[in-house]
>>> print(open('run24.tsv').read())   # TSV, C-alpha atoms
chain	number	residue	atom	x	y	z
A	331	MET	CA	18.31	10.42	3.22
A	332	PRO	CA	15.24	11.30	5.34
A	333	GLN	CA	11.77	11.14	3.83
A	334	VAL	CA	9.38	14.03	4.51
A	335	LEU	CA	5.67	13.26	4.90
A	336	THR	CA	3.06	15.99	5.28
A	337	VAL	CA	0.15	15.75	7.73
A	338	SER	CA	-2.76	18.08	6.98
A	339	CYS	CA	-4.32	19.36	10.22
A	340	LYS	CA	-7.33	21.67	10.50
A	341	LEU	CA	-7.00	24.52	13.00
A	342	GLU	CA	-9.70	25.45	15.48
A	343	VAL	CA	-9.73	29.23	15.00
A	344	LEU	CA	-11.50	31.67	17.31
A	345	PRO	CA	-13.27	34.66	15.67
A	346	GLN	CA	-10.68	37.11	17.03
A	347	GLN	CA	-7.85	35.00	15.57
A	348	VAL	CA	-9.11	35.06	11.97
A	349	GLU	CA	-7.96	38.64	11.45
A	350	LYS	CA	-4.47	37.83	12.77
A	351	LEU	CA	-4.12	34.83	10.47
A	352	ASP	CA	-5.29	36.82	7.45
A	353	ALA	CA	-2.83	39.58	8.36
A	354	VAL	CA	0.18	37.28	8.49
A	355	LEU	CA	-0.78	35.57	5.21
A	356	SER	CA	-1.24	38.93	3.53
A	357	ALA	CA	2.11	40.17	4.87
A	358	PHE	CA	3.88	37.02	3.66
A	359	ALA	CA	2.45	37.43	0.14
A	360	LYS	CA	3.28	41.14	0.22
A	361	CYS	CA	6.87	40.35	1.15
A	362	CYS	CA	7.17	37.82	-1.69
A	363	GLU	CA	5.82	40.34	-4.20
A	364	PHE	CA	8.23	43.01	-2.95
A	365	VAL	CA	11.26	40.71	-3.18
A	366	ASN	CA	10.29	39.51	-6.64
A	367	ALA	CA	9.81	43.07	-7.92
A	368	GLN	CA	12.90	44.65	-6.33
A	369	THR	CA	15.53	42.04	-7.28
A	370	PRO	CA	16.80	40.90	-10.70
A	371	GLU	CA	14.43	38.35	-12.21
A	372	LYS	CA	17.21	35.92	-13.18
A	373	LEU	CA	18.69	35.86	-9.66
A	374	THR	CA	17.71	32.57	-7.97
A	375	ASN	CA	20.36	32.16	-5.27
A	376	GLN	CA	18.75	32.64	-1.87
A	377	ILE	CA	21.89	33.99	-0.15
A	378	ALA	CA	22.45	36.53	-2.91
A	379	VAL	CA	18.83	37.72	-2.87
A	380	GLN	CA	18.82	37.85	0.93
A	381	SER	CA	21.95	40.04	1.01
A	382	LEU	CA	20.31	42.47	-1.44
A	383	ILE	CA	16.81	42.89	-0.05
A	384	TYR	CA	16.44	41.40	3.47
A	385	LYS	CA	16.26	44.63	5.51
A	386	GLU	CA	13.97	46.40	3.05
A	387	ALA	CA	11.68	43.36	2.72
A	388	ARG	CA	11.31	42.98	6.47
A	389	ALA	CA	10.55	46.67	6.97
A	390	HIS	CA	8.09	46.64	4.04
A	391	SER	CA	6.10	43.59	5.19
A	392	GLY	CA	6.35	43.72	8.98
A	393	LEU	CA	7.19	40.00	9.19
A	394	SER	CA	9.55	38.46	11.72
A	395	ALA	CA	13.16	37.88	10.69
A	396	GLN	CA	12.74	34.15	10.09
A	397	MET	CA	9.50	34.47	8.10
A	398	THR	CA	11.12	37.16	5.92
A	399	ILE	CA	13.87	34.68	5.09
A	400	HIS	CA	11.26	32.05	4.22
A	401	ALA	CA	9.51	34.53	1.92
A	402	ILE	CA	12.81	35.15	0.10
A	403	ARG	CA	13.35	31.41	-0.12
A	404	ARG	CA	9.91	30.92	-1.68
A	405	VAL	CA	10.59	33.59	-4.31
A	406	CYS	CA	13.86	31.90	-5.28
A	407	ALA	CA	12.18	28.47	-5.47
A	408	ASN	CA	9.36	29.86	-7.65
A	409	ARG	CA	11.90	31.49	-9.94
A	410	LYS	CA	13.73	28.20	-10.41
A	411	THR	CA	10.47	26.41	-11.23
A	412	ALA	CA	9.39	29.16	-13.63
A	413	LYS	CA	12.78	29.04	-15.34
A	414	GLN	CA	12.46	25.29	-15.89
A	415	LYS	CA	9.03	25.78	-17.44
A	416	GLY	CA	10.11	28.79	-19.48
A	417	ARG	CA	7.63	31.29	-18.09
A	418	PRO	CA	7.69	34.26	-15.67
A	419	VAL	CA	6.87	34.00	-11.98
A	420	LYS	CA	3.17	34.40	-11.28
A	421	GLY	CA	1.80	36.58	-8.49
A	422	PHE	CA	1.81	35.47	-4.85
A	423	ALA	CA	-1.64	35.00	-3.32
A	424	PRO	CA	-2.21	35.45	0.44
A	425	THR	CA	-3.10	31.79	0.93
A	426	SER	CA	-0.03	30.24	2.60
A	427	ALA	CA	3.01	31.02	4.75
A	428	THR	CA	6.02	28.93	5.75
A	429	TYR	CA	7.04	28.20	9.36
A	430	ASP	CA	10.06	26.50	10.92
A	431	ALA	CA	11.29	25.49	14.39
A	432	ARG	CA	11.81	29.13	15.39
A	433	THR	CA	8.30	30.25	14.48
A	434	PHE	CA	6.26	27.07	15.09
A	435	THR	CA	5.97	24.63	17.99
A	436	PHE	CA	3.82	21.54	18.49
A	437	LYS	CA	2.66	20.06	21.79
A	438	GLU	CA	1.20	16.58	21.77
A	439	SER	CA	-0.48	17.13	25.14
A	440	GLY	CA	-3.68	18.86	24.14
A	441	TRP	CA	-2.76	18.73	20.43
A	442	ILE	CA	-1.89	22.43	20.34
A	443	VAL	CA	0.38	24.40	17.99
A	444	SER	CA	1.88	27.84	18.51
A	445	LEU	CA	2.46	30.10	15.48
A	446	THR	CA	4.24	33.42	15.15
A	447	MET	CA	1.93	36.21	13.99
A	448	LEU	CA	2.80	39.82	13.13
A	449	LYS	CA	2.62	40.72	16.81
A	450	GLY	CA	3.48	37.90	19.18
A	451	ARG	CA	2.36	34.28	19.07
A	452	GLU	CA	-1.03	32.60	18.93
A	453	LYS	CA	-2.00	29.11	20.08
A	454	PHE	CA	-4.41	26.92	18.10
A	455	ARG	CA	-5.94	23.57	18.89
A	456	LEU	CA	-5.75	20.96	16.12
A	457	HIS	CA	-9.11	19.61	14.94
A	458	ILE	CA	-7.84	16.20	13.82
A	459	GLY	CA	-8.83	12.55	13.85
A	460	ASN	CA	-7.11	9.35	14.94
A	461	TYR	CA	-5.20	9.06	11.64
A	462	GLN	CA	-3.41	12.38	12.10
A	463	LYS	CA	-2.89	11.75	15.82
A	464	HIS	CA	-1.25	8.41	15.05
A	465	LEU	CA	1.19	10.09	12.65
A	466	LEU	CA	1.99	12.97	15.01
A	467	GLN	CA	2.31	10.86	18.16
A	468	GLY	CA	5.84	11.01	19.57
A	469	GLN	CA	7.02	13.38	16.80
A	470	ASN	CA	8.88	16.66	17.11
A	471	PRO	CA	8.15	18.43	13.79
A	472	LYS	CA	10.46	21.25	12.74
A	473	SER	CA	8.52	22.83	9.86
A	474	ALA	CA	4.97	23.52	8.72
A	475	THR	CA	2.95	25.54	6.23
A	476	LEU	CA	-0.08	27.61	7.16
A	477	VAL	CA	-2.76	27.35	4.45
A	478	LYS	CA	-6.08	29.12	3.95
A	479	ARG	CA	-8.55	27.22	1.79
A	480	LYS	CA	-11.24	28.58	-0.49
A	481	ASP	CA	-13.97	27.96	2.08
A	482	GLY	CA	-12.15	30.20	4.56
A	483	SER	CA	-10.88	27.39	6.83
A	484	PHE	CA	-7.26	27.30	8.00
A	485	TYR	CA	-5.02	24.25	7.88
A	486	LEU	CA	-1.49	23.57	9.05
A	487	GLN	CA	0.51	21.24	6.81
A	488	ILE	CA	3.00	19.72	9.27
A	489	GLN	CA	6.12	18.13	7.78
A	490	LEU	CA	7.45	15.00	9.48
A	491	GLU	CA	10.93	13.65	8.76
A	492	SER	CA	11.64	9.93	9.06
A	493	GLU	CA	14.41	7.55	8.06
A	494	PRO	CA	12.90	5.06	5.58
A	495	PRO	CA	14.22	1.50	5.41
A	496	GLU	CA	16.84	0.66	2.83
A	497	ILE	CA	15.43	-0.48	-0.50
A	498	SER	CA	16.36	-4.13	-0.83
A	499	GLU	CA	17.79	-5.43	-4.07
A	500	THR	CA	15.72	-8.17	-5.66
A	501	ASP	CA	15.37	-9.95	-8.98
A	502	GLU	CA	11.65	-10.54	-8.43
A	503	VAL	CA	9.47	-7.87	-10.07
A	504	LEU	CA	5.74	-7.19	-9.95
A	505	GLY	CA	4.69	-5.65	-13.27
A	506	VAL	CA	1.80	-3.17	-13.14
A	507	ASP	CA	-0.12	-2.16	-16.26
A	508	LEU	CA	-2.04	1.12	-15.86
A	509	GLY	CA	-5.25	1.77	-17.76
A	510	ARG	CA	-8.78	3.11	-17.64
A	511	THR	CA	-10.87	-0.06	-17.91
A	512	ASP	CA	-8.70	-1.55	-15.17
A	513	ILE	CA	-6.89	1.19	-13.25
A	514	ALA	CA	-4.10	-1.26	-12.44
A	515	CYS	CA	-3.48	-4.85	-13.46
A	516	THR	CA	-0.53	-6.83	-12.11
A	517	SER	CA	1.57	-9.53	-13.72
A	518	GLU	CA	0.15	-11.97	-11.15
A	519	GLY	CA	-3.43	-11.32	-12.29
A	520	SER	CA	-4.66	-8.90	-9.62
A	521	LYS	CA	-6.96	-6.19	-11.01
A	522	PHE	CA	-8.41	-2.91	-9.78
A	523	SER	CA	-11.44	-2.04	-11.87
A	524	GLY	CA	-11.97	1.47	-13.17
A	525	LYS	CA	-15.72	1.11	-13.73
A	526	GLU	CA	-16.63	2.77	-10.44
A	527	VAL	CA	-14.32	5.72	-11.17
A	528	THR	CA	-15.82	6.20	-14.64
A	529	LYS	CA	-19.35	5.99	-13.20
A	530	VAL	CA	-18.60	8.62	-10.53
A	531	ARG	CA	-16.85	10.96	-12.98
A	532	ASP	CA	-19.70	10.70	-15.50
A	533	GLN	CA	-22.23	11.42	-12.75
A	534	TYR	CA	-20.36	14.52	-11.57
A	535	SER	CA	-19.97	15.69	-15.16
A	536	ARG	CA	-23.74	15.49	-15.74
A	537	VAL	CA	-24.49	17.26	-12.45
A	538	ARG	CA	-22.00	20.05	-13.19
A	539	ALA	CA	-23.37	20.58	-16.69
A	540	SER	CA	-26.94	20.81	-15.36
A	541	LEU	CA	-26.01	23.22	-12.56
A	542	GLN	CA	-23.92	25.40	-14.87
A	543	ARG	CA	-26.90	25.79	-17.22
A	544	LYS	CA	-29.13	26.77	-14.31
A	545	ALA	CA	-26.48	29.14	-12.94
A	546	SER	CA	-26.41	31.05	-16.23
A	547	LYS	CA	-30.02	30.90	-17.49
A	548	GLY	CA	-32.29	30.43	-14.48
A	549	THR	CA	-34.03	32.92	-12.24
A	550	ARG	CA	-32.04	34.95	-9.74
A	551	SER	CA	-32.77	32.58	-6.86
A	552	THR	CA	-32.09	29.55	-9.08
A	553	ARG	CA	-28.75	30.97	-10.19
A	554	ARG	CA	-27.74	31.67	-6.59
A	555	ARG	CA	-28.75	28.20	-5.43
A	556	ALA	CA	-26.95	26.54	-8.37
A	557	ARG	CA	-23.73	28.40	-7.57
A	558	GLN	CA	-23.98	27.32	-3.93
A	559	VAL	CA	-24.39	23.66	-4.91
A	560	LEU	CA	-21.48	23.89	-7.36
A	561	GLN	CA	-19.29	25.25	-4.60
A	562	ARG	CA	-20.34	22.47	-2.24
A	563	LEU	CA	-19.60	19.80	-4.85
A	564	SER	CA	-16.21	21.29	-5.63
A	565	GLY	CA	-13.42	18.88	-4.74
A	566	ARG	CA	-15.58	15.81	-4.07
A	567	GLU	CA	-14.57	14.10	-7.31
A	568	ARG	CA	-10.90	14.93	-6.74
A	569	ARG	CA	-10.99	13.58	-3.17
A	570	PHE	CA	-12.69	10.38	-4.32
A	571	GLN	CA	-9.99	9.80	-6.94
A	572	ALA	CA	-7.21	10.51	-4.43
A	573	TRP	CA	-8.74	8.09	-1.91
A	574	LEU	CA	-8.96	5.35	-4.54
A	575	ASN	CA	-5.37	5.90	-5.72
A	576	HIS	CA	-4.16	5.80	-2.11
A	577	THR	CA	-5.95	2.48	-1.61
A	578	ILE	CA	-4.61	0.92	-4.82
A	579	SER	CA	-1.04	2.11	-4.26
A	580	TYR	CA	-1.01	0.85	-0.67
A	581	ARG	CA	-2.24	-2.61	-1.67
A	582	LEU	CA	0.30	-2.87	-4.50
A	583	ILE	CA	3.16	-1.82	-2.22
A	584	GLN	CA	2.13	-4.28	0.48
A	585	GLN	CA	1.83	-7.09	-2.05
A	586	ALA	CA	5.31	-6.37	-3.39
A	587	LYS	CA	6.78	-5.99	0.12
A	588	ASN	CA	5.32	-9.28	1.39
A	589	ASN	CA	6.66	-11.14	-1.67
A	590	HIS	CA	10.07	-9.35	-1.64
A	591	GLN	CA	9.43	-7.84	-5.08
A	592	ALA	CA	10.17	-4.59	-6.85
A	593	ILE	CA	7.41	-2.83	-8.81
A	594	ALA	CA	7.76	-2.00	-12.50
A	595	LEU	CA	5.58	0.69	-14.10
A	596	GLU	CA	5.28	2.14	-17.58
A	597	ASP	CA	6.70	5.63	-18.01
A	598	LEU	CA	3.59	7.34	-19.43
A	599	THR	CA	5.07	10.85	-19.58
A	600	GLY	CA	3.39	12.88	-22.34
A	601	ILE	CA	0.59	10.39	-22.99
A	602	ARG	CA	-2.14	13.06	-22.77
A	603	GLU	CA	-0.47	15.20	-25.44
A	604	ARG	CA	-0.18	12.19	-27.73
A	605	THR	CA	-3.71	10.85	-27.22
A	606	ASN	CA	-5.32	14.31	-27.55
A	607	GLN	CA	-4.06	14.45	-31.14
A	608	MET	CA	-6.25	11.46	-32.00
A	609	PRO	CA	-9.84	12.00	-33.22
A	610	ARG	CA	-12.19	11.20	-30.33
A	611	SER	CA	-15.59	12.15	-29.02
A	612	LYS	CA	-16.00	14.87	-26.39
A	613	THR	CA	-16.94	12.28	-23.74
A	614	GLU	CA	-13.96	10.09	-24.54
A	615	ARG	CA	-11.61	13.06	-24.42
A	616	ARG	CA	-12.99	14.10	-21.01
A	617	ARG	CA	-12.60	10.59	-19.61
A	618	SER	CA	-9.05	10.29	-20.90
A	619	ASN	CA	-7.95	13.70	-19.59
A	620	SER	CA	-9.40	12.97	-16.14
A	621	TRP	CA	-7.39	9.74	-15.85
A	622	ALA	CA	-5.25	10.30	-12.71
A	623	PHE	CA	-2.43	7.90	-13.62
A	624	TYR	CA	0.31	10.37	-12.61
A	625	GLN	CA	-1.16	10.76	-9.12
A	626	LEU	CA	-1.14	6.97	-8.73
A	627	ARG	CA	2.50	6.95	-9.86
A	628	GLN	CA	3.39	9.60	-7.24
A	629	PHE	CA	1.62	7.66	-4.49
A	630	LEU	CA	3.44	4.46	-5.44
A	631	THR	CA	6.77	6.29	-5.51
A	632	TYR	CA	6.59	7.79	-2.02
A	633	LYS	CA	5.00	4.68	-0.49
A	634	GLY	CA	7.78	2.63	-2.08
A	635	VAL	CA	10.35	4.77	-0.28
A	636	LYS	CA	8.40	4.54	2.97
A	637	PHE	CA	8.18	0.72	2.93
A	638	GLY	CA	11.50	-0.04	1.20
A	639	VAL	CA	10.06	-1.23	-2.14
A	640	SER	CA	11.96	-0.38	-5.33
A	641	ILE	CA	9.93	1.36	-8.07
A	642	ARG	CA	11.25	0.96	-11.63
A	643	PHE	CA	10.03	2.69	-14.77
A	644	VAL	CA	10.22	1.07	-18.21
A	645	ASP	CA	9.57	2.08	-21.80
A	646	PRO	CA	5.87	1.45	-22.56
A	647	ARG	CA	6.32	0.88	-26.31
A	648	TYR	CA	5.00	-2.50	-27.51
A	649	THR	CA	4.36	-3.82	-23.99
A	650	SER	CA	0.69	-4.38	-24.84
A	651	LYS	CA	1.34	-5.58	-28.40
A	652	THR	CA	3.99	-8.20	-27.64
A	653	CYS	CA	3.27	-11.74	-26.47
A	654	HIS	CA	4.90	-12.28	-23.08
A	655	CYS	CA	5.60	-15.94	-23.91
A	656	CYS	CA	7.37	-15.75	-27.28
A	657	LYS	CA	8.00	-11.97	-27.63
A	658	VAL	CA	6.27	-11.82	-31.03
A	659	ILE	CA	3.86	-9.04	-32.01
A	660	GLY	CA	0.27	-10.18	-31.58
A	661	ASN	CA	-3.26	-8.89	-32.09
A	662	ARG	CA	-4.99	-6.88	-29.37
A	663	GLN	CA	-8.69	-6.09	-29.49
A	664	GLY	CA	-9.91	-4.30	-26.39
A	665	LYS	CA	-9.26	-6.55	-23.40
A	666	LYS	CA	-8.32	-9.60	-25.51
A	667	PHE	CA	-4.83	-10.42	-26.75
A	668	GLU	CA	-4.04	-13.15	-29.26
A	669	CYS	CA	-0.51	-14.21	-30.19
A	670	LEU	CA	-0.03	-14.60	-33.96
A	671	ASN	CA	2.87	-17.00	-33.61
A	672	GLN	CA	1.60	-20.44	-34.66
A	673	ASN	CA	4.04	-22.17	-32.32
A	674	CYS	CA	2.71	-20.20	-29.34
A	675	GLY	CA	-0.88	-19.07	-29.90
A	676	TRP	CA	-1.33	-17.62	-26.39
A	677	ILE	CA	-4.76	-16.02	-25.86
A	678	GLY	CA	-5.80	-14.12	-22.77
A	679	ASP	CA	-6.32	-10.80	-21.00
A	680	ALA	CA	-4.44	-8.01	-22.78
A	681	ASP	CA	-3.68	-6.13	-19.55
A	682	VAL	CA	-2.23	-9.22	-17.86
A	683	ASN	CA	-0.09	-9.82	-20.93
A	684	GLY	CA	1.13	-6.21	-20.83
A	685	ALA	CA	1.87	-6.43	-17.10
A	686	LYS	CA	3.98	-9.56	-17.64
A	687	ASN	CA	5.99	-7.76	-20.31
A	688	ILE	CA	6.47	-4.81	-17.95
A	689	ALA	CA	7.71	-7.22	-15.26
A	690	THR	CA	10.22	-8.68	-17.74
A	691	LEU	CA	11.51	-5.21	-18.58
A	692	GLY	CA	11.67	-4.38	-14.88
A	693	ARG	CA	13.92	-7.38	-14.18
A	694	ILE	CA	16.57	-6.34	-16.69
A	695	VAL	CA	16.32	-2.54	-16.44
A	696	ASN	CA	19.06	-2.43	-13.78
A	697	ALA	CA	21.22	-5.06	-15.43
A	698	PRO	CA	24.30	-3.95	-17.43
A	699	ARG	CA	22.99	-2.81	-20.84
A	700	GLY	CA	19.74	-4.53	-19.93
A	701	SER	CA	17.26	-1.91	-21.21
A	702	GLU	CA	19.37	-1.43	-24.34
A	703	MET	CA	19.29	-5.13	-25.13
A	704	MET	CA	15.52	-5.31	-24.65
A	705	SER	CA	15.02	-2.31	-26.93
A	706	CYS	CA	17.05	-4.01	-29.65
A	707	SER	CA	15.07	-7.21	-29.17
A	708	LEU	CA	11.75	-5.42	-29.49
A	709	GLN	CA	13.00	-3.50	-32.51
A	710	ASP	CA	13.94	-6.78	-34.22
A	711	VAL	CA	10.49	-8.18	-33.43
A	712	VAL	CA	8.80	-5.15	-34.97
A	713	LEU	CA	10.97	-5.33	-38.07
A	714	ARG	CA	10.23	-9.02	-38.53
A	715	ALA	CA	6.52	-8.41	-38.02
A	716	THR	CA	6.56	-5.58	-40.56
A	717	GLU	CA	8.45	-7.62	-43.15
A	718	SER	CA	5.98	-10.49	-42.79
A	719	SER	CA	3.02	-8.05	-43.08
A	720	VAL	CA	1.62	-8.95	-39.69
A	721	PRO	CA	-1.15	-6.43	-38.88
A	722	LEU	CA	-0.27	-4.18	-35.93
A	723	ARG	CA	-2.86	-2.68	-33.64
A	724	ALA	CA	-2.50	0.28	-31.32
A	725	GLY	CA	-2.36	-0.57	-27.68
>>> encode(input="run24.tsv", output="structure tokens")
Amino acid sequence: MPQVLTVSCKLEVLPQQVEKLDAVLSAFAKCCEFVNAQTPEKLTNQIAVQSLIYKEARAHSGLSAQMTIHAIRRVCANRKTAKQKGRPVKGFAPTSATYDARTFTFKESGWIVSLTMLKGREKFRLHIGNYQKHLLQGQNPKSATLVKRKDGSFYLQIQLESEPPEISETDEVLGVDLGRTDIACTSEGSKFSGKEVTKVRDQYSRVRASLQRKASKGTRSTRRRARQVLQRLSGRERRFQAWLNHTISYRLIQQAKNNHQAIALEDLTGIRERTNQMPRSKTERRRSNSWAFYQLRQFLTYKGVKFGVSIRFVDPRYTSKTCHCCKVIGNRQGKKFECLNQNCGWIGDADVNGAKNIATLGRIVNAPRGSEMMSCSLQDVVLRATESSVPLRAG
């Protein structure tokens, strides 16, 4: 199955082309709104919707035939997503439009793209660096998405299809424990500290709070200047976090690939909802809710497909409370773990201990009844610990 990677390319837009781009984005959103309003809300099949509304939608929006079909396809996709989340479809903003091989072409010579507008085609030069050029070199992309950002700039998200290598089967597993003190800690002892992320996030939080006060209570010129600075700072924290997660995920994937290992991660789905029910300070709640663990998981998943590394997800319960040597519940205090089994007595880094347990679960998760057997084993450990009144700590 081919893997699709997206390359974000900024367009060099001439002043006379801005109006044409805005017009096609507005028409695409207008078409989506018309289709969503004029067809039954529960209808999600693209062919059925297209047979009902295609001619009317095209005449109403002024789009080309192929772009009208893409607008109908987007409405159906949004309806399916809204149905899964149990909420109605939201409005369609004039910020993006979908293109395919019939409405978009790419020429490597000169790094130029041609896009269908409402009346004819327009050519745009790509304002890209060596990274994007390396990805696009020798490619013949068949689809793209035109995007207008908040600052008024236009980007083309070009989709590239590639055949990833087959994921090799292996019994060797690299366990990765995710956290905030250490963003990632492996079962082999490698660590990626989260101190720099916390420092940057705290700094941006203080700056935003100060600017927001000035934007609401200062003089007219102060309020205007504060709003301008807030707009300029918008996205910097998010981009820093994404860059760091890209770096960590790439290094973990390369480490696993070079050692012919799979990667095992904790399935932390719903952790924010659970932790937000605990009594915590405002600062601690902000730091926890800004923890981008799911983004790191997504980066690891698609990079694993790209480089042929298997990604396995395991149950996180008791991975940080159980001694990796004897599988007995121990005592965790912050970064320190101490095994309470007198015959073992292992003491060391709590995250390394958790990562080793995750690696153990990752080795048996694909074995016949493997995860079930480990669950029973952990359950027996917990019952024995409870019966012997061993104190349990959260972790």
>>> closest_residue(input="run24.tsv", among="A:Val503, A:Cys655, A:Ile488, A:Ala545", to="Gly692 of chain A", atoms="only C-alpha atoms")
A:Val503
>>> residues_around(input="run24.tsv", residues="Lys350 of chain A", least_positions_apart="6", cutoff="9 Å", atoms="all atoms listed in the file", output="MDAnalysis selection string")
chainID A and resid 447:449 452
>>> closest_residue(input="run24.tsv", among="A:Ala689, A:Ile641, A:Ala367, A:Ala586", to="Ala387 of chain A", atoms="all atoms listed in the file")
A:Ala367
>>> closest_residue(input="run24.tsv", among="A:Val379, A:Leu486, A:Leu541, A:Leu691", to="Gln561 of chain A", atoms="only C-alpha atoms")
A:Leu541
>>> residues_around(input="run24.tsv", residues="segment 512-522 of chain A", least_positions_apart="6", cutoff="10 Å", atoms="all atoms listed in the file", output="PyMOL selection string")
chain A and resi 503-506+574-575+578-579+582+593-595+621-623+626+665+679-690
>>> atom_distance(input="run24.tsv", atom1="atom CA of Ala357 of chain A", atom2="atom CA of Ser391 of chain A")
5.3 Å
>>> closest_residue(input="run24.tsv", among="A:Glu567, A:Tyr580, A:Arg403, A:Ile497", to="Val530 of chain A", atoms="all atoms listed in the file")
A:Glu567
>>> axis_aligned_box(input="run24.tsv", around="segment 621-633 of chain A", padding_each_side="8 Å", output="lines of an AutoDock Vina configuration file")
center_x = -0.3
center_y = 7.6
center_z = -8.2
size_x = 30.2
size_y = 22.3
size_z = 31.4
>>> atom_distance(input="run24.tsv", atom1="atom CA of Phe422 of chain A", atom2="atom CA of Ala359 of chain A")
5.4 Å
>>> atom_distance(input="run24.tsv", atom1="atom CA of Lys480 of chain A", atom2="atom CA of Gln467 of chain A")
29.1 Å
>>> residues_around(input="run24.tsv", residues="Gln462 of chain A", least_positions_apart="3", cutoff="12 Å", atoms="all atoms listed in the file", output="ChimeraX atom specification")
/A:335-340,438,441,456-459,465-469,486-490
>>> closest_residue(input="run24.tsv", among="A:Thr500, A:Gln625, A:Gln414, A:Gln663", to="His590 of chain A", atoms="only C-alpha atoms")
A:Thr500
>>> closest_residue(input="run24.tsv", among="A:Gln591, A:Thr599, A:Thr446, A:Gln672", to="Arg627 of chain A", atoms="all atoms listed in the file")
A:Thr599
>>> residues_around(input="run24.tsv", residues="Thr398 of chain A", least_positions_apart="6", cutoff="12 Å", atoms="all atoms listed in the file", output="ChimeraX atom specification")
/A:354,357-365,376,379-380,383-392,404-405,427-430,433,448
>>> closest_atom_pairs(input="run24.tsv", of="segment 464-512 of chain A", to="segment 629-639 of chain A", cutoff="10 Å", atoms="all atoms listed in the file", output="Markdown table")
| residue | atom | partner | partner_atom | distance |
| --- | --- | --- | --- | --- |
| A:Ser492 | CA | A:Lys636 | CA | 8.8 |
| A:Glu493 | CA | A:Lys636 | CA | 8.4 |
| A:Pro494 | CA | A:Lys636 | CA | 5.2 |
| A:Pro495 | CA | A:Gly638 | CA | 5.2 |
| A:Glu496 | CA | A:Gly638 | CA | 5.6 |
| A:Ile497 | CA | A:Gly638 | CA | 4.3 |
| A:Ser498 | CA | A:Gly638 | CA | 6.7 |
| A:Glu499 | CA | A:Val639 | CA | 9.0 |
| A:Thr500 | CA | A:Val639 | CA | 9.6 |
>>> build_atoms(input="run24.tsv", residues="segment 450-454 of chain A", atoms="all heavy atoms", output="PDB file, in the frame of the given file")
ATOM      1  N   GLY A 450       3.531  38.966  18.196  1.00  0.00           N
ATOM      2  CA  GLY A 450       3.480  37.900  19.180  1.00  0.00           C
ATOM      3  C   GLY A 450       3.070  36.565  18.584  1.00  0.00           C
ATOM      4  O   GLY A 450       3.052  36.370  17.373  1.00  0.00           O
ATOM      5  N   ARG A 451       2.734  35.636  19.461  1.00  0.00           N
ATOM      6  CA  ARG A 451       2.360  34.280  19.070  1.00  0.00           C
ATOM      7  C   ARG A 451       0.898  34.011  19.412  1.00  0.00           C
ATOM      8  O   ARG A 451       0.322  34.631  20.294  1.00  0.00           O
ATOM      9  CB  ARG A 451       3.238  33.256  19.791  1.00  0.00           C
ATOM     10  CG  ARG A 451       4.649  33.137  19.202  1.00  0.00           C
ATOM     11  CD  ARG A 451       5.221  31.788  19.559  1.00  0.00           C
ATOM     12  NE  ARG A 451       6.461  31.521  18.840  1.00  0.00           N
ATOM     13  CZ  ARG A 451       6.843  30.335  18.438  1.00  0.00           C
ATOM     14  NH1 ARG A 451       6.076  29.280  18.671  1.00  0.00           N
ATOM     15  NH2 ARG A 451       7.984  30.169  17.807  1.00  0.00           N
ATOM     16  N   GLU A 452       0.346  33.042  18.680  1.00  0.00           N
ATOM     17  CA  GLU A 452      -1.030  32.600  18.930  1.00  0.00           C
ATOM     18  C   GLU A 452      -1.042  31.077  19.017  1.00  0.00           C
ATOM     19  O   GLU A 452      -0.337  30.395  18.258  1.00  0.00           O
ATOM     20  CB  GLU A 452      -1.956  33.058  17.805  1.00  0.00           C
ATOM     21  CG  GLU A 452      -2.276  34.537  17.821  1.00  0.00           C
ATOM     22  CD  GLU A 452      -3.225  34.932  18.943  1.00  0.00           C
ATOM     23  OE1 GLU A 452      -4.058  34.094  19.350  1.00  0.00           O
ATOM     24  OE2 GLU A 452      -3.119  36.075  19.419  1.00  0.00           O
ATOM     25  N   LYS A 453      -1.856  30.561  19.937  1.00  0.00           N
ATOM     26  CA  LYS A 453      -2.000  29.110  20.080  1.00  0.00           C
ATOM     27  C   LYS A 453      -3.308  28.652  19.440  1.00  0.00           C
ATOM     28  O   LYS A 453      -4.334  29.331  19.553  1.00  0.00           O
ATOM     29  CB  LYS A 453      -1.970  28.716  21.561  1.00  0.00           C
ATOM     30  CG  LYS A 453      -0.622  28.930  22.220  1.00  0.00           C
ATOM     31  CD  LYS A 453      -0.637  28.432  23.659  1.00  0.00           C
ATOM     32  CE  LYS A 453       0.739  28.604  24.303  1.00  0.00           C
ATOM     33  NZ  LYS A 453       0.748  28.116  25.707  1.00  0.00           N
ATOM     34  N   PHE A 454      -3.243  27.488  18.780  1.00  0.00           N
ATOM     35  CA  PHE A 454      -4.410  26.920  18.100  1.00  0.00           C
ATOM     36  C   PHE A 454      -4.495  25.439  18.445  1.00  0.00           C
ATOM     37  O   PHE A 454      -3.493  24.731  18.450  1.00  0.00           O
ATOM     38  CB  PHE A 454      -4.303  27.082  16.581  1.00  0.00           C
ATOM     39  CG  PHE A 454      -4.132  28.507  16.119  1.00  0.00           C
ATOM     40  CD1 PHE A 454      -2.860  29.052  15.974  1.00  0.00           C
ATOM     41  CD2 PHE A 454      -5.233  29.290  15.831  1.00  0.00           C
ATOM     42  CE1 PHE A 454      -2.691  30.359  15.546  1.00  0.00           C
ATOM     43  CE2 PHE A 454      -5.074  30.601  15.410  1.00  0.00           C
ATOM     44  CZ  PHE A 454      -3.798  31.136  15.264  1.00  0.00           C
TER      45      PHE A 454
END
